[in-house]
Amino acid sequence: MKTLKKYTTTLPVIALSLLILGGAAAFAQKKFMMLRTGRPVVKVTLSGMVERDDTKVPVEKAALVSAGEILDWTITSVNEGNAPASEYNAVGKIPAGTQFVKGSATADGSAAVTFSIDNGKSFSSTPMVDERQADGSIKKVPAPVSMYHQIRYSWSAPLNEGEKLNASYKVRLN
C-alpha cells in the first residue's frame with residue numbers, strides 16, 4: 001500500500017523582475033514597458049483519482065492504494081500571466097512502482113505526446129531499445145511501457161493569458 005498526496009505548484013515560465021526607481025515618470029515608463037512586453041506565469045496543478053469499484057476516488061481521500069489499482073493523473077496548466085506561453089510543455093512522472101497504461105494519454109487541443117525511458121534526457125512517441133536477436137545481432141524494438149518514466153505533452157499553439165489546458169494519463173500500481 002502507498003500513500004499519495006496532491007501537489008500544487010506555481011511555475012513562473014519567465015520570471016518578471018522590476019527595479020523600483022523613484023519618480024512618477026519612471027513608474028509610468030515601466031508600467032508601459034510591462035504592458036508592452038508582458039510575461040506568462042503558468043500555474044500547474046497535479047491531481048489524481050483512484051479507480052476503485054467502478055468509481056473514481058480523489059487520491060487525498062483514497063490515502064492507500066493496492067497493487068493493480070489504476071491512478072488517473074491530471075495536469076492542469078493555467079496561464080495567470082499577461083502574455084502567451086509559447087511552445088508550452090507539461091511533463092508528468094510515472095512514479096516508481098507504477099506502470100503507464102498504454103493508450104491512456106489524453107490532452108486538450110492538439111498536444112503531441114512523447115515518453116521518456118531515460119528520466120527525461122530524451123523523449124519519443126515510441127521509445128526504442130536494443131534487443132538481441134537469435135543470430136546475435138542487435139535490433140531496435142519499441143520499449144515496453146514498463147520502462148516509461150515520464151510523459152510529455154507539447155502544444156504548438158501558445159497557452160494564452162487566462163487559458164487553461166488539461167492533460168491526463170493513467171498508471172497501474174505494481
# chains A, B, ... in the order shown; residues from 1 in each chain; ligands from 1

call {"tool": "select_by_dssp", "arguments": {"residues": "segment 51-154 of chain A", "states": "strand (DSSP E)", "output": "MDAnalysis selection string"}}
result
chainID A and resid 51:52 55:58 64:65 70:79 89:93 98:100 106:107 112:116 128:132 138:142 150:154

call {"tool": "residues_around", "arguments": {"residues": "segment 138-150 of chain A", "least_positions_apart": "4", "cutoff": "12 Å", "atoms": "only C-alpha atoms", "output": "ChimeraX atom specification"}}
result
/A:90-105,113-134,169-174

call {"tool": "write_last_selection", "arguments": {"atoms": "C-alpha atoms", "output": "PDB file, in the first residue's frame"}}
result
ATOM      1  CA  ALA A  90       3.754  19.790 -19.428  1.00  0.00           C
ATOM      2  CA  VAL A  91       5.652  16.780 -18.085  1.00  0.00           C
ATOM      3  CA  GLY A  92       4.205  14.103 -15.831  1.00  0.00           C
ATOM      4  CA  LYS A  93       6.173  11.494 -13.944  1.00  0.00           C
ATOM      5  CA  ILE A  94       5.342   7.838 -13.969  1.00  0.00           C
ATOM      6  CA  PRO A  95       6.176   7.024 -10.352  1.00  0.00           C
ATOM      7  CA  ALA A  96       8.380   4.096  -9.353  1.00  0.00           C
ATOM      8  CA  GLY A  97       6.212   1.105  -8.546  1.00  0.00           C
ATOM      9  CA  THR A  98       3.689   2.006 -11.241  1.00  0.00           C
ATOM     10  CA  GLN A  99       3.367   1.313 -14.960  1.00  0.00           C
ATOM     11  CA  PHE A 100       1.899   3.554 -17.645  1.00  0.00           C
ATOM     12  CA  VAL A 101      -1.423   2.290 -19.030  1.00  0.00           C
ATOM     13  CA  LYS A 102      -0.914   2.171 -22.799  1.00  0.00           C
ATOM     14  CA  GLY A 103      -3.321   4.402 -24.743  1.00  0.00           C
ATOM     15  CA  SER A 104      -4.437   6.393 -21.687  1.00  0.00           C
ATOM     16  CA  ALA A 105      -2.736   9.707 -22.549  1.00  0.00           C
ATOM     17  CA  VAL A 113       2.531  13.131 -26.595  1.00  0.00           C
ATOM     18  CA  THR A 114       6.016  11.711 -26.081  1.00  0.00           C
ATOM     19  CA  PHE A 115       7.613   9.419 -23.499  1.00  0.00           C
ATOM     20  CA  SER A 116      10.997   9.141 -21.801  1.00  0.00           C
ATOM     21  CA  ILE A 117      12.727   5.941 -20.742  1.00  0.00           C
ATOM     22  CA  ASP A 118      15.901   7.766 -19.601  1.00  0.00           C
ATOM     23  CA  ASN A 119      14.476  10.023 -16.864  1.00  0.00           C
ATOM     24  CA  GLY A 120      13.754  12.979 -19.137  1.00  0.00           C
ATOM     25  CA  LYS A 121      17.007  13.165 -21.118  1.00  0.00           C
ATOM     26  CA  SER A 122      15.143  12.373 -24.349  1.00  0.00           C
ATOM     27  CA  PHE A 123      11.516  11.929 -25.409  1.00  0.00           C
ATOM     28  CA  SER A 124       9.959   9.968 -28.263  1.00  0.00           C
ATOM     29  CA  SER A 125       6.460   8.987 -29.341  1.00  0.00           C
ATOM     30  CA  THR A 126       7.790   5.408 -29.487  1.00  0.00           C
ATOM     31  CA  PRO A 127      10.930   4.972 -27.359  1.00  0.00           C
ATOM     32  CA  MET A 128      13.200   2.265 -28.735  1.00  0.00           C
ATOM     33  CA  VAL A 129      15.559  -0.196 -27.047  1.00  0.00           C
ATOM     34  CA  ASP A 130      18.131  -2.670 -28.333  1.00  0.00           C
ATOM     35  CA  GLU A 131      17.053  -6.310 -28.449  1.00  0.00           C
ATOM     36  CA  ARG A 132      19.469  -9.153 -29.109  1.00  0.00           C
ATOM     37  CA  GLN A 133      18.248 -11.441 -31.876  1.00  0.00           C
ATOM     38  CA  ALA A 134      18.717 -15.225 -32.054  1.00  0.00           C
ATOM     39  CA  TYR A 169      -2.671   9.733 -18.147  1.00  0.00           C
ATOM     40  CA  LYS A 170      -3.158   6.545 -16.173  1.00  0.00           C
ATOM     41  CA  VAL A 171      -0.758   4.294 -14.305  1.00  0.00           C
ATOM     42  CA  ARG A 172      -1.313   0.914 -12.698  1.00  0.00           C
ATOM     43  CA  LEU A 173       0.210   0.221  -9.291  1.00  0.00           C
ATOM     44  CA  ASN A 174       2.525  -2.813  -9.404  1.00  0.00           C
TER      45      ASN A 174
END

call {"tool": "atom_distance", "arguments": {"atom1": "atom CA of Val57 of chain A", "atom2": "atom CA of Ser168 of chain A"}}
result
15.6 Å

call {"tool": "residues_around", "arguments": {"residues": "Lys56 of chain A", "least_positions_apart": "6", "cutoff": "10 Å", "atoms": "only C-alpha atoms", "output": "list in words"}}
result
Gly48, Met49, Val50, Ala62, Ile70, Leu71 and Asp72 of chain A

call {"tool": "atom_distance", "arguments": {"atom1": "atom CA of Asn79 of chain A", "atom2": "atom CA of Ala112 of chain A"}}
result
19.3 Å

call {"tool": "atom_distance", "arguments": {"atom1": "atom CA of Thr74 of chain A", "atom2": "atom CA of Ser47 of chain A"}}
result
5.3 Å

call {"tool": "select_by_dssp", "arguments": {"residues": "segment 28-143 of chain A", "states": "alpha helix (DSSP H)", "output": "PyMOL selection string"}}
result
chain A and resi 28-37+59-62

call {"tool": "closest_residue", "arguments": {"among": "A:Ala67, A:Val59, A:Ala107, A:Ile75", "to": "Thr45 of chain A", "atoms": "only C-alpha atoms"}}
result
A:Ile75

call {"tool": "closest_residue", "arguments": {"among": "A:Ser77, A:Leu165, A:Val42, A:Arg52", "to": "Ala111 of chain A", "atoms": "only C-alpha atoms"}}
result
A:Leu165

call {"tool": "closest_residue", "arguments": {"among": "A:Ala157, A:Leu46, A:Val41, A:Ile151", "to": "Gly81 of chain A", "atoms": "only C-alpha atoms"}}
result
A:Val41
